[in-house]
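Heads up, data.txt below (compact mmCIF, C-alpha atoms):
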# COMPACT_ATOMS: atom_id res chain seq x y z
CA MET V 132 3.40 -7.16 8.29
CA ASN V 133 0.62 -6.23 5.87
CA ILE V 134 0.78 -2.91 4.01
CA LEU V 135 -1.92 -1.61 1.66
CA ILE V 136 -1.16 1.10 -0.93
CA GLY V 137 -3.85 2.92 -2.89
CA SER V 138 -5.18 6.27 -4.06
CA VAL V 139 -8.57 7.92 -3.83
CA ARG V 140 -8.45 9.64 -7.20
CA GLY V 141 -6.54 9.61 -10.48
CA SER V 142 -3.27 7.80 -11.10
CA PRO V 143 -0.68 9.38 -8.79
CA GLY V 144 1.77 6.47 -9.08
CA VAL V 145 0.47 3.76 -6.73
CA THR V 146 1.88 0.88 -8.79
CA SER V 147 5.26 2.56 -9.32
CA LEU V 148 5.50 3.20 -5.57
CA SER V 149 4.43 -0.36 -4.73
CA VAL V 150 6.97 -1.88 -7.10
CA MET V 151 9.86 0.33 -6.00
CA LEU V 152 9.06 0.08 -2.28
CA THR V 153 8.99 -3.72 -2.36
CA HIS V 154 12.22 -3.70 -4.37
CA ILE V 155 14.15 -1.75 -1.73
CA TRP V 156 12.26 -3.11 1.31
CA SER V 157 14.61 -4.18 4.10
CA ARG V 158 12.92 -7.56 4.66
CA ASP V 159 11.60 -10.33 2.41
CA CYS V 160 8.25 -9.38 0.95
CA ILE V 161 5.56 -10.24 -1.59
CA LEU V 162 3.56 -7.85 -3.77
CA ILE V 163 -0.09 -8.81 -4.32
CA GLU V 164 -1.93 -6.92 -7.03
CA ALA V 165 -5.32 -6.05 -5.51
CA ASP V 166 -6.35 -3.44 -8.07
CA ILE V 167 -9.99 -4.14 -8.87
CA THR V 168 -10.43 -1.52 -11.59
CA ALA V 169 -7.21 -1.36 -13.63
CA PRO V 170 -4.52 -3.99 -12.91
CA VAL V 171 -1.37 -3.37 -14.97
CA LEU V 172 1.43 -5.55 -13.58
CA ALA V 173 0.92 -8.44 -15.99
CA ALA V 174 0.95 -6.21 -19.07
CA ARG V 175 3.73 -3.98 -17.78
CA TYR V 176 6.18 -6.74 -16.89
CA ASN V 177 5.08 -9.52 -19.28
CA LEU V 178 3.62 -11.75 -16.56
CA LYS V 179 0.70 -14.18 -16.51
CA GLN V 180 -2.51 -12.57 -15.36
CA GLY V 181 -4.86 -13.98 -12.73
CA GLU V 182 -2.44 -15.73 -10.36
CA LEU V 183 -4.43 -14.42 -7.38
CA LEU V 184 -6.85 -17.36 -7.75
CA ASN V 185 -4.06 -19.94 -7.43
CA PHE V 186 -2.56 -18.06 -4.49
CA VAL V 187 -5.83 -17.86 -2.55
CA THR V 188 -6.52 -21.54 -3.21
CA SER V 189 -3.03 -22.54 -2.03
CA CYS V 190 -3.35 -20.45 1.14
CA ARG V 191 -6.71 -21.93 2.03
CA HIS V 192 -5.57 -25.52 1.50
CA SER V 193 -2.01 -25.35 2.79
CA VAL V 194 -1.54 -27.99 5.48
CA ASP V 195 2.21 -27.85 5.92
CA ALA V 196 2.49 -24.11 6.65
CA SER V 197 4.26 -23.43 3.37
CA ILE V 198 3.45 -22.32 -0.15
CA SER V 199 5.38 -23.68 -3.09
CA ILE V 200 7.77 -21.23 -4.73
CA ASP V 201 6.07 -22.23 -7.99
CA GLU V 202 3.08 -20.13 -6.95
CA TYR V 203 5.06 -16.94 -7.55
CA GLN V 204 6.05 -14.91 -10.54
CA TYR V 205 8.80 -12.32 -10.17
CA LEU V 206 9.15 -8.66 -10.95
CA PRO V 207 12.38 -7.45 -12.56
CA GLY V 208 14.69 -7.31 -9.56
CA GLY V 209 13.36 -10.48 -7.92
CA VAL V 210 10.32 -9.49 -5.83
CA PRO V 211 7.65 -12.25 -5.81
CA VAL V 212 4.34 -10.98 -7.22
CA ILE V 213 0.77 -12.28 -7.39
CA THR V 214 -1.15 -10.76 -10.31
CA ALA V 215 -4.82 -9.84 -10.21
CA SER V 216 -7.56 -11.28 -12.37
CA GLY V 217 -8.52 -9.36 -15.47
CA LYS V 218 -12.13 -9.37 -14.29
CA SER V 219 -12.87 -6.89 -11.50
CA SER V 220 -15.65 -8.92 -9.88
CA THR V 221 -13.37 -11.98 -9.67
CA THR V 222 -10.55 -10.02 -8.09
CA GLU V 223 -12.92 -8.44 -5.58
CA SER V 224 -14.38 -11.82 -4.59
CA LEU V 225 -10.93 -13.37 -4.19
CA LEU V 226 -9.70 -10.51 -2.03
CA LYS V 227 -12.67 -10.95 0.30
CA GLU V 228 -11.74 -14.63 0.69
CA LEU V 229 -8.04 -13.97 1.27
CA PRO V 230 -7.18 -15.42 4.72
CA LEU V 231 -4.62 -12.80 5.70
CA ARG V 232 -4.25 -13.89 9.30
CA ASP V 233 -3.59 -17.44 8.12
CA ILE V 234 -1.11 -16.17 5.53
CA SER V 235 0.83 -14.46 8.30
CA GLU V 236 1.27 -17.89 9.88
CA ILE V 237 2.00 -19.60 6.56
CA LEU V 238 4.55 -16.95 5.54
CA PRO V 239 5.81 -15.48 8.84
CA GLU V 240 9.12 -14.47 7.28
CA LYS V 241 7.56 -12.28 4.57
CA ASP V 242 5.90 -8.87 4.65
CA ILE V 243 2.93 -8.57 2.28
CA PHE V 244 2.21 -5.48 0.17
CA PHE V 245 -1.06 -4.88 -1.66
CA ASP V 246 -1.31 -2.61 -4.70
CA LEU V 247 -4.95 -1.48 -4.39
CA GLY V 248 -4.96 1.02 -7.24
CA ARG V 249 -7.87 3.41 -6.78
CA VAL V 250 -9.70 2.57 -3.56
CA ASN V 251 -12.67 3.67 -1.51
CA ILE V 252 -12.04 2.90 2.15
CA SER V 253 -15.70 2.32 2.92
CA THR V 254 -15.97 -0.41 0.25
CA CYS V 255 -12.48 -1.91 0.58
CA PRO V 256 -12.70 -5.57 1.70
CA GLU V 257 -12.89 -5.45 5.49
CA ASN V 258 -10.57 -8.42 5.94
CA LEU V 259 -7.79 -6.41 4.25
CA LEU V 260 -8.38 -3.37 6.43
CA LEU V 261 -8.57 -5.30 9.69
CA ALA V 262 -5.38 -7.26 8.99
CA ALA V 263 -3.38 -4.27 7.70
CA ASP V 264 -0.58 -2.76 9.74
CA LEU V 265 -0.78 0.33 7.54
CA LEU V 266 -2.94 1.70 4.74
CA ILE V 267 -1.02 4.22 2.61
CA LEU V 268 -3.06 6.63 0.50
CA VAL V 269 -1.13 8.33 -2.29
CA VAL V 270 -2.30 11.81 -3.28
CA GLN V 271 -1.28 14.73 -5.45
CA PRO V 272 -1.45 18.20 -3.82
CA TRP V 273 -4.45 19.53 -5.74
CA PHE V 274 -7.93 20.31 -4.45
CA GLU V 275 -9.64 17.70 -6.66
CA HIS V 276 -7.38 15.03 -5.12
CA LEU V 277 -7.47 16.34 -1.56
CA ASP V 278 -11.23 16.79 -1.28
CA PRO V 279 -12.05 13.06 -1.72
CA LEU V 280 -9.04 12.18 0.43
CA LEU V 281 -10.34 14.22 3.37
CA PHE V 282 -13.79 12.72 2.93
CA GLN V 283 -12.46 9.17 2.97
CA VAL V 284 -10.26 9.85 5.98
CA SER V 285 -13.35 10.97 7.88
CA GLU V 286 -15.02 7.69 6.83
CA HIS V 287 -11.92 5.84 8.03
CA LYS V 288 -12.98 6.35 11.66
CA MET V 289 -15.21 3.28 11.42
CA HIS V 290 -12.20 1.03 10.82
CA LYS V 291 -9.30 0.03 13.05
CA THR V 292 -6.58 0.50 10.44
CA ASN V 293 -3.57 2.75 10.75
CA LEU V 294 -3.55 5.19 7.86
CA GLY V 295 -0.79 7.40 6.48
CA VAL V 296 -0.66 9.69 3.45
CA VAL V 297 2.13 10.03 0.88
CA VAL V 298 2.12 13.20 -1.21
CA VAL V 299 3.39 12.87 -4.79
CA ASN V 300 4.41 16.25 -6.14
CA ALA V 301 3.21 17.24 -9.59
CA PRO V 302 4.09 19.90 -12.16
CA GLU V 303 2.69 23.37 -11.54
CA ARG V 304 -0.85 23.89 -12.75
CA SER V 305 -3.24 26.82 -12.81
CA ASN V 306 -5.22 25.74 -9.77
CA VAL V 307 -4.13 25.99 -6.14
CA LYS V 308 -1.39 23.64 -4.96
CA TYR V 309 -1.18 22.77 -1.26
CA THR V 310 1.98 22.18 0.74
CA GLY V 311 2.71 19.01 2.66
CA VAL V 312 2.33 20.92 5.93
CA GLU V 313 -1.11 22.20 4.92
CA ILE V 314 -2.22 18.71 3.93
CA ASP V 315 -0.86 17.24 7.16
CA ASN V 316 -2.64 19.87 9.28
CA ALA V 317 -5.96 19.25 7.50
CA LEU V 318 -5.66 15.48 7.93
CA ARG V 319 -4.82 15.72 11.61
CA SER V 320 -7.65 18.17 12.18
CA ILE V 321 -10.37 15.89 10.80
CA SER V 322 -8.90 12.68 12.25
CA GLY V 323 -8.19 13.87 15.77
CA GLY V 324 -4.47 13.62 15.15
CA GLN V 325 -4.62 9.99 14.05
CA VAL V 326 -3.80 10.49 10.35
CA GLY V 327 -1.07 12.61 8.77
CA VAL V 328 1.48 12.85 5.97
CA ILE V 329 4.19 10.23 6.43
CA GLY V 330 6.24 11.06 3.33
CA ASP V 331 6.49 12.81 0.00
CA LEU V 332 7.82 11.86 -3.41
CA PRO V 333 9.21 14.14 -6.14
CA TYR V 334 7.77 14.62 -9.59
CA ASP V 335 10.08 12.32 -11.55
CA PRO V 336 8.37 11.05 -14.74
CA LYS V 337 11.67 9.78 -16.17
CA ALA V 338 12.21 7.46 -13.19
CA ALA V 339 8.58 6.31 -13.32
CA HIS V 340 8.99 5.45 -17.01
CA ILE V 341 12.20 3.50 -16.39
CA CYS V 342 10.59 1.62 -13.49
CA ALA V 343 7.64 0.69 -15.70
CA THR V 344 9.66 -0.39 -18.74
CA LYS V 345 12.99 -1.70 -17.43
CA GLY V 346 11.99 -2.56 -13.88
CA PRO V 347 12.93 -1.25 -10.42
CA GLY V 348 16.40 -2.82 -10.55
CA SER V 349 17.55 -0.71 -13.50
CA GLY V 350 20.89 0.94 -12.87
CA SER V 351 19.48 4.15 -14.34
CA LEU V 352 17.37 4.57 -11.20
CA ARG V 353 20.13 4.40 -8.62
CA LYS V 354 20.70 8.15 -8.42
CA SER V 355 17.18 9.30 -9.30
CA PRO V 356 15.31 11.61 -6.90
CA PHE V 357 12.44 9.10 -6.94
CA ILE V 358 14.35 6.12 -5.58
CA LYS V 359 16.17 8.26 -3.01
CA SER V 360 12.80 9.49 -1.74
CA VAL V 361 11.41 5.94 -1.63
CA GLU V 362 14.43 4.87 0.44
CA VAL V 363 13.64 7.63 2.94
CA LEU V 364 9.96 6.64 2.91
CA GLU V 365 10.82 3.01 3.64
CA LYS V 366 12.50 4.03 6.89
CA LYS V 367 9.60 6.34 7.79
CA ILE V 368 7.05 3.57 7.22
CA ASN V 369 8.89 1.17 9.52
CA LYS V 370 9.19 3.87 12.17
CA TYR V 371 5.53 4.86 11.78
CA ILE V 372 4.29 1.27 12.18
CA THR V 373 6.55 0.71 15.19
CA GLU V 374 5.25 3.85 16.88
CA LYS V 375 1.61 2.99 16.11
CA ARG V 376 2.06 -0.52 17.49
CA GLY V 377 3.57 0.95 20.66
CA ALA V 378 0.66 3.38 21.02
CA ASP V 379 -1.90 0.61 20.45
CA THR V 380 -0.21 -1.60 23.05
CA GLN V 381 -0.23 1.24 25.59
CA SER V 382 -3.89 1.99 24.82
CA THR V 383 -4.83 -1.67 25.36
CA ARG V 384 -2.90 -1.71 28.63
CA ASP V 385 -4.63 1.48 29.79
CA ASP V 386 -8.07 0.07 28.94
CA PHE V 387 -7.31 -3.12 30.88
CA GLU V 388 -6.10 -1.22 33.95
CA GLU V 389 -9.14 1.06 33.82
CA LYS V 390 -11.55 -1.91 33.72
CA SER V 391 -9.64 -3.60 36.52

Starting from the file, give its structure as C-alpha cells.
Amino acid sequence: MNILIGSVRGSPGVTSLSVMLTHIWSRDCILIEADITAPVLAARYNLKQGELLNFVTSCRHSVDASISIDEYQYLPGGVPVITASGKSSTTESLLKELPLRDISEILPEKDIFFDLGRVNISTCPENLLLAADLLILVVQPWFEHLDPLLFQVSEHKMHKTNLGVVVVNAPERSNVKYTGVEIDNALRSISGGQVGVIGDLPYDPKAAHICATKGPGSGSLRKSPFIKSVEVLEKKINKYITEKRGADTQSTRDDFEEKS
C-alpha cells in the first residue's frame, strides 16, 4: 500500500501527521521523505540527510527481492525512514526514478508512506500518483488554504489517484473559518462526489512540539487529543482505501461486461 501525504499551502502539520500515523499504523511501514522544498526529518531527529539516493539505487539493483536493513534509519519509536536530499532538484529527480511498483514486490510486507510537504498535484511525479492507493491533502479551514485546495482537486481529475482531505483545526482568526461539513460538500461538488473529507485533527501545538522534539513514542503523547485523533484517522484511512478498491473493482467489472 502506498500513501502520499501533502498540503497545498502553508505548514498545516504534514510531517507531524506522517510521523505519528506511521508510528501507530497497524502494519509494518516505511516513511519516505519526499518533500522537495523543505525537508526537516534529518534536522528534527538527528538523522543523516540524503538517504533517498541509496534507497533508489538499492531498489533498482536489487536482484534477490530484498533490501538490506542497513539502508534504513529509524525515527524515535522504531519506524524505518528514508530522508530526502538537501537539494530540491536532486530529490525531485530521484522521486521520478523511484520504481514504486517494483518496490511493492521487493517489500510486499511493508506499506510505504511519503511525506510530500507542500505539493502541487499537477506537477507531482506521475509515478507516485499512479502507484498511490491514496493521496491525503492536509488543509486548515481558512479561505486562503481552501481556495488552492479546491483548484488542485479540480486538476486532480486528470489523474487516477484516490484523494482524501484531512482538516487540521486552527486557532480562531479574524477571517471566515469553514466547518468540515462545508469543506466536504464543496469538495464533493467539484469532484463529482469522488473527493471528500476523510478525517480531522485538533489544534494541539503541545503534542506537535513533543512529537517534533521527543518523537512519536513519547509517553506524554498517549492521552493527547492529537494522537487519539490520528488513531481514529488510521482506521478511517484503511476503511476508505478498502471501499475505493471495492468500487474500482466493480467499475472495472462493469466496463468489461459492457464491452462484452

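You will find atom CA of Glu313 of chain V at 17.1 Å from atom CA of Pro333 of chain V.
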
For Ser147 of chain V, the nearest of the candidates V:Pro356, V:Gly350, V:Pro239, V:Gly248, counting all atoms listed in the file:
V:Gly248

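For the pair atom CA of Ile267 of chain V and atom CA of Ser189 of chain V, the interatomic distance is 27.2 Å.
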
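All protein and nucleic acid residues in the vicinity of (5.7, -5.6, -13.9), that is within 10 Å when counting only C-alpha atoms, are Thr146, Ser147, Val150, Val171, Leu172, Ala173, Ala174, Arg175, Tyr176, Asn177, Leu178, Gln204, Tyr205, Leu206, Pro207, Val212, Thr214, Cys342, Ala343, Thr344, Lys345, Gly346 and Pro347 of chain V.
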
Please write the residues from the selection above to a file, keeping C-alpha atoms, as a short mmCIF file (atom, residue, chain, number, x, y, z; two decimals), in the coordinates of the input.
data_model
loop_
_atom_site.label_atom_id
_atom_site.label_comp_id
_atom_site.auth_asym_id
_atom_site.auth_seq_id
_atom_site.Cartn_x
_atom_site.Cartn_y
_atom_site.Cartn_z
CA THR V 146 1.88 0.88 -8.79
CA SER V 147 5.26 2.56 -9.32
CA VAL V 150 6.97 -1.88 -7.10
CA VAL V 171 -1.37 -3.37 -14.97
CA LEU V 172 1.43 -5.55 -13.58
CA ALA V 173 0.92 -8.44 -15.99
CA ALA V 174 0.95 -6.21 -19.07
CA ARG V 175 3.73 -3.98 -17.78
CA TYR V 176 6.18 -6.74 -16.89
CA ASN V 177 5.08 -9.52 -19.28
CA LEU V 178 3.62 -11.75 -16.56
CA GLN V 204 6.05 -14.91 -10.54
CA TYR V 205 8.80 -12.32 -10.17
CA LEU V 206 9.15 -8.66 -10.95
CA PRO V 207 12.38 -7.45 -12.56
CA VAL V 212 4.34 -10.98 -7.22
CA THR V 214 -1.15 -10.76 -10.31
CA CYS V 342 10.59 1.62 -13.49
CA ALA V 343 7.64 0.69 -15.70
CA THR V 344 9.66 -0.39 -18.74
CA LYS V 345 12.99 -1.70 -17.43
CA GLY V 346 11.99 -2.56 -13.88
CA PRO V 347 12.93 -1.25 -10.42
#

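Rounded to one decimal, atom CA of Val187 of chain V and atom CA of Ser142 of chain V lie 27.2 Å from each other.
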
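Each of V:Ile321, V:Ala215, V:Ile136, V:Val145 was checked against Ala165 of chain V using only C-alpha atoms; the smallest atom-to-atom distance is that of V:Ala215.
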
Show me, as a ChimeraX atom specification, the residues that have an atom within 12 Å of segment 281-293 of chain V when counting all atoms listed in the file, minus same-chain residues fewer than 5 positions from it.
/V:133-135,138-140,250-268,270,274-276,314-327,329,368,371-376,378-379

Within 9 Å of (2.7, -7.0, -2.9) (coordinates as in the file), grab all the protein and nucleic acid residues, counting all atoms listed in the file, and write them out as an NGL selection string.
:V and (134-135 or 149-150 or 153 or 160-165 or 210-213 or 242-246)

At a cut-off of 9 Å, using only C-alpha atoms, what residues contact Leu225 of chain V? Leave out same-chain residues fewer than 5 positions from it and give the result as a PyMOL selection string.
chain V and resi 183-184+187+220

Counting all atoms listed in the file, what is within 8 Å of segment 216-219 of chain V, bar same-chain residues fewer than 5 positions away, as an MDAnalysis selection string?
chainID V and resid 167:168 170 180:184

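Closest approach to Ser355 of chain V among V:Tyr309, V:Phe186, V:Tyr334, V:Trp273: V:Tyr334, based on all atoms listed in the file.
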
Centre and edge lengths, as lines of an AutoDock Vina configuration file, for the axis-aligned box enclosing every listed atom of segment 149-163 of chain V with 4 Å of padding on each of the six sides, in Å to one decimal?
center_x = 7.3
center_y = -5.0
center_z = -1.2
size_x = 22.7
size_y = 18.7
size_z = 19.8

Just add N, CA and C atoms to segment 312-343 of chain V and send it as a PDB file, in the frame of the given file.
ATOM      1  N   VAL V 312       2.710  20.483   4.579  1.00  0.00           N
ATOM      2  CA  VAL V 312       2.330  20.920   5.930  1.00  0.00           C
ATOM      3  C   VAL V 312       0.833  21.223   5.989  1.00  0.00           C
ATOM      4  N   GLU V 313       0.321  21.891   4.963  1.00  0.00           N
ATOM      5  CA  GLU V 313      -1.110  22.200   4.920  1.00  0.00           C
ATOM      6  C   GLU V 313      -1.946  20.924   4.858  1.00  0.00           C
ATOM      7  N   ILE V 314      -1.498  19.971   4.050  1.00  0.00           N
ATOM      8  CA  ILE V 314      -2.220  18.710   3.930  1.00  0.00           C
ATOM      9  C   ILE V 314      -2.180  17.950   5.254  1.00  0.00           C
ATOM     10  N   ASP V 315      -1.021  17.933   5.881  1.00  0.00           N
ATOM     11  CA  ASP V 315      -0.860  17.240   7.160  1.00  0.00           C
ATOM     12  C   ASP V 315      -1.768  17.870   8.223  1.00  0.00           C
ATOM     13  N   ASN V 316      -1.803  19.184   8.283  1.00  0.00           N
ATOM     14  CA  ASN V 316      -2.640  19.870   9.280  1.00  0.00           C
ATOM     15  C   ASN V 316      -4.119  19.549   9.067  1.00  0.00           C
ATOM     16  N   ALA V 317      -4.556  19.543   7.797  1.00  0.00           N
ATOM     17  CA  ALA V 317      -5.960  19.250   7.500  1.00  0.00           C
ATOM     18  C   ALA V 317      -6.312  17.813   7.886  1.00  0.00           C
ATOM     19  N   LEU V 318      -5.422  16.883   7.588  1.00  0.00           N
ATOM     20  CA  LEU V 318      -5.660  15.480   7.930  1.00  0.00           C
ATOM     21  C   LEU V 318      -5.752  15.275   9.433  1.00  0.00           C
ATOM     22  N   ARG V 319      -4.827  15.877  10.160  1.00  0.00           N
ATOM     23  CA  ARG V 319      -4.820  15.720  11.610  1.00  0.00           C
ATOM     24  C   ARG V 319      -6.033  16.379  12.262  1.00  0.00           C
ATOM     25  N   SER V 320      -6.495  17.463  11.638  1.00  0.00           N
ATOM     26  CA  SER V 320      -7.650  18.170  12.180  1.00  0.00           C
ATOM     27  C   SER V 320      -8.913  17.312  12.099  1.00  0.00           C
ATOM     28  N   ILE V 321      -9.134  16.659  10.957  1.00  0.00           N
ATOM     29  CA  ILE V 321     -10.370  15.890  10.800  1.00  0.00           C
ATOM     30  C   ILE V 321     -10.285  14.488  11.393  1.00  0.00           C
ATOM     31  N   SER V 322      -9.064  14.037  11.725  1.00  0.00           N
ATOM     32  CA  SER V 322      -8.900  12.680  12.250  1.00  0.00           C
ATOM     33  C   SER V 322      -8.540  12.657  13.727  1.00  0.00           C
ATOM     34  N   GLY V 323      -8.563  13.818  14.363  1.00  0.00           N
ATOM     35  CA  GLY V 323      -8.190  13.870  15.770  1.00  0.00           C
ATOM     36  C   GLY V 323      -6.734  13.535  16.005  1.00  0.00           C
ATOM     37  N   GLY V 324      -5.900  13.862  15.010  1.00  0.00           N
ATOM     38  CA  GLY V 324      -4.470  13.620  15.150  1.00  0.00           C
ATOM     39  C   GLY V 324      -4.018  12.219  14.793  1.00  0.00           C
ATOM     40  N   GLN V 325      -4.950  11.383  14.323  1.00  0.00           N
ATOM     41  CA  GLN V 325      -4.620   9.990  14.050  1.00  0.00           C
ATOM     42  C   GLN V 325      -4.018   9.759  12.662  1.00  0.00           C
ATOM     43  N   VAL V 326      -4.272  10.662  11.722  1.00  0.00           N
ATOM     44  CA  VAL V 326      -3.800  10.490  10.350  1.00  0.00           C
ATOM     45  C   VAL V 326      -3.004  11.707   9.921  1.00  0.00           C
ATOM     46  N   GLY V 327      -1.882  11.494   9.243  1.00  0.00           N
ATOM     47  CA  GLY V 327      -1.070  12.610   8.770  1.00  0.00           C
ATOM     48  C   GLY V 327      -0.228  12.203   7.583  1.00  0.00           C
ATOM     49  N   VAL V 328       0.560  13.122   7.088  1.00  0.00           N
ATOM     50  CA  VAL V 328       1.480  12.850   5.970  1.00  0.00           C
ATOM     51  C   VAL V 328       2.705  12.139   6.514  1.00  0.00           C
ATOM     52  N   ILE V 329       3.029  10.985   5.955  1.00  0.00           N
ATOM     53  CA  ILE V 329       4.190  10.230   6.430  1.00  0.00           C
ATOM     54  C   ILE V 329       5.361  10.305   5.449  1.00  0.00           C
ATOM     55  N   GLY V 330       5.154  10.943   4.291  1.00  0.00           N
ATOM     56  CA  GLY V 330       6.240  11.060   3.330  1.00  0.00           C
ATOM     57  C   GLY V 330       5.811  11.790   2.080  1.00  0.00           C
ATOM     58  N   ASP V 331       6.789  12.161   1.276  1.00  0.00           N
ATOM     59  CA  ASP V 331       6.490  12.810   0.000  1.00  0.00           C
ATOM     60  C   ASP V 331       7.470  12.305  -1.055  1.00  0.00           C
ATOM     61  N   LEU V 332       7.016  12.321  -2.290  1.00  0.00           N
ATOM     62  CA  LEU V 332       7.820  11.860  -3.410  1.00  0.00           C
ATOM     63  C   LEU V 332       7.912  12.967  -4.451  1.00  0.00           C
ATOM     64  N   PRO V 333       9.041  13.072  -5.145  1.00  0.00           N
ATOM     65  CA  PRO V 333       9.210  14.140  -6.140  1.00  0.00           C
ATOM     66  C   PRO V 333       8.486  13.809  -7.442  1.00  0.00           C
ATOM     67  N   TYR V 334       8.272  14.822  -8.231  1.00  0.00           N
ATOM     68  CA  TYR V 334       7.770  14.620  -9.590  1.00  0.00           C
ATOM     69  C   TYR V 334       8.951  14.163 -10.430  1.00  0.00           C
ATOM     70  N   ASP V 335       8.938  12.905 -10.843  1.00  0.00           N
ATOM     71  CA  ASP V 335      10.080  12.320 -11.550  1.00  0.00           C
ATOM     72  C   ASP V 335       9.562  11.366 -12.630  1.00  0.00           C
ATOM     73  N   PRO V 336       8.962  11.906 -13.700  1.00  0.00           N
ATOM     74  CA  PRO V 336       8.370  11.050 -14.740  1.00  0.00           C
ATOM     75  C   PRO V 336       9.389  10.161 -15.432  1.00  0.00           C
ATOM     76  N   LYS V 337      10.635  10.601 -15.528  1.00  0.00           N
ATOM     77  CA  LYS V 337      11.670   9.780 -16.170  1.00  0.00           C
ATOM     78  C   LYS V 337      11.889   8.495 -15.370  1.00  0.00           C
ATOM     79  N   ALA V 338      11.995   8.633 -14.048  1.00  0.00           N
ATOM     80  CA  ALA V 338      12.210   7.460 -13.190  1.00  0.00           C
ATOM     81  C   ALA V 338      10.993   6.537 -13.238  1.00  0.00           C
ATOM     82  N   ALA V 339       9.795   7.115 -13.258  1.00  0.00           N
ATOM     83  CA  ALA V 339       8.580   6.310 -13.320  1.00  0.00           C
ATOM     84  C   ALA V 339       8.536   5.502 -14.625  1.00  0.00           C
ATOM     85  N   HIS V 340       8.971   6.127 -15.704  1.00  0.00           N
ATOM     86  CA  HIS V 340       8.990   5.450 -17.010  1.00  0.00           C
ATOM     87  C   HIS V 340       9.997   4.302 -17.003  1.00  0.00           C
ATOM     88  N   ILE V 341      11.178   4.546 -16.445  1.00  0.00           N
ATOM     89  CA  ILE V 341      12.200   3.500 -16.390  1.00  0.00           C
ATOM     90  C   ILE V 341      11.726   2.339 -15.522  1.00  0.00           C
ATOM     91  N   CYS V 342      11.101   2.653 -14.390  1.00  0.00           N
ATOM     92  CA  CYS V 342      10.590   1.620 -13.490  1.00  0.00           C
ATOM     93  C   CYS V 342       9.550   0.766 -14.189  1.00  0.00           C
ATOM     94  N   ALA V 343       8.715   1.411 -15.024  1.00  0.00           N
ATOM     95  CA  ALA V 343       7.640   0.690 -15.700  1.00  0.00           C
ATOM     96  C   ALA V 343       8.125  -0.115 -16.896  1.00  0.00           C
TER      97      ALA V 343
END
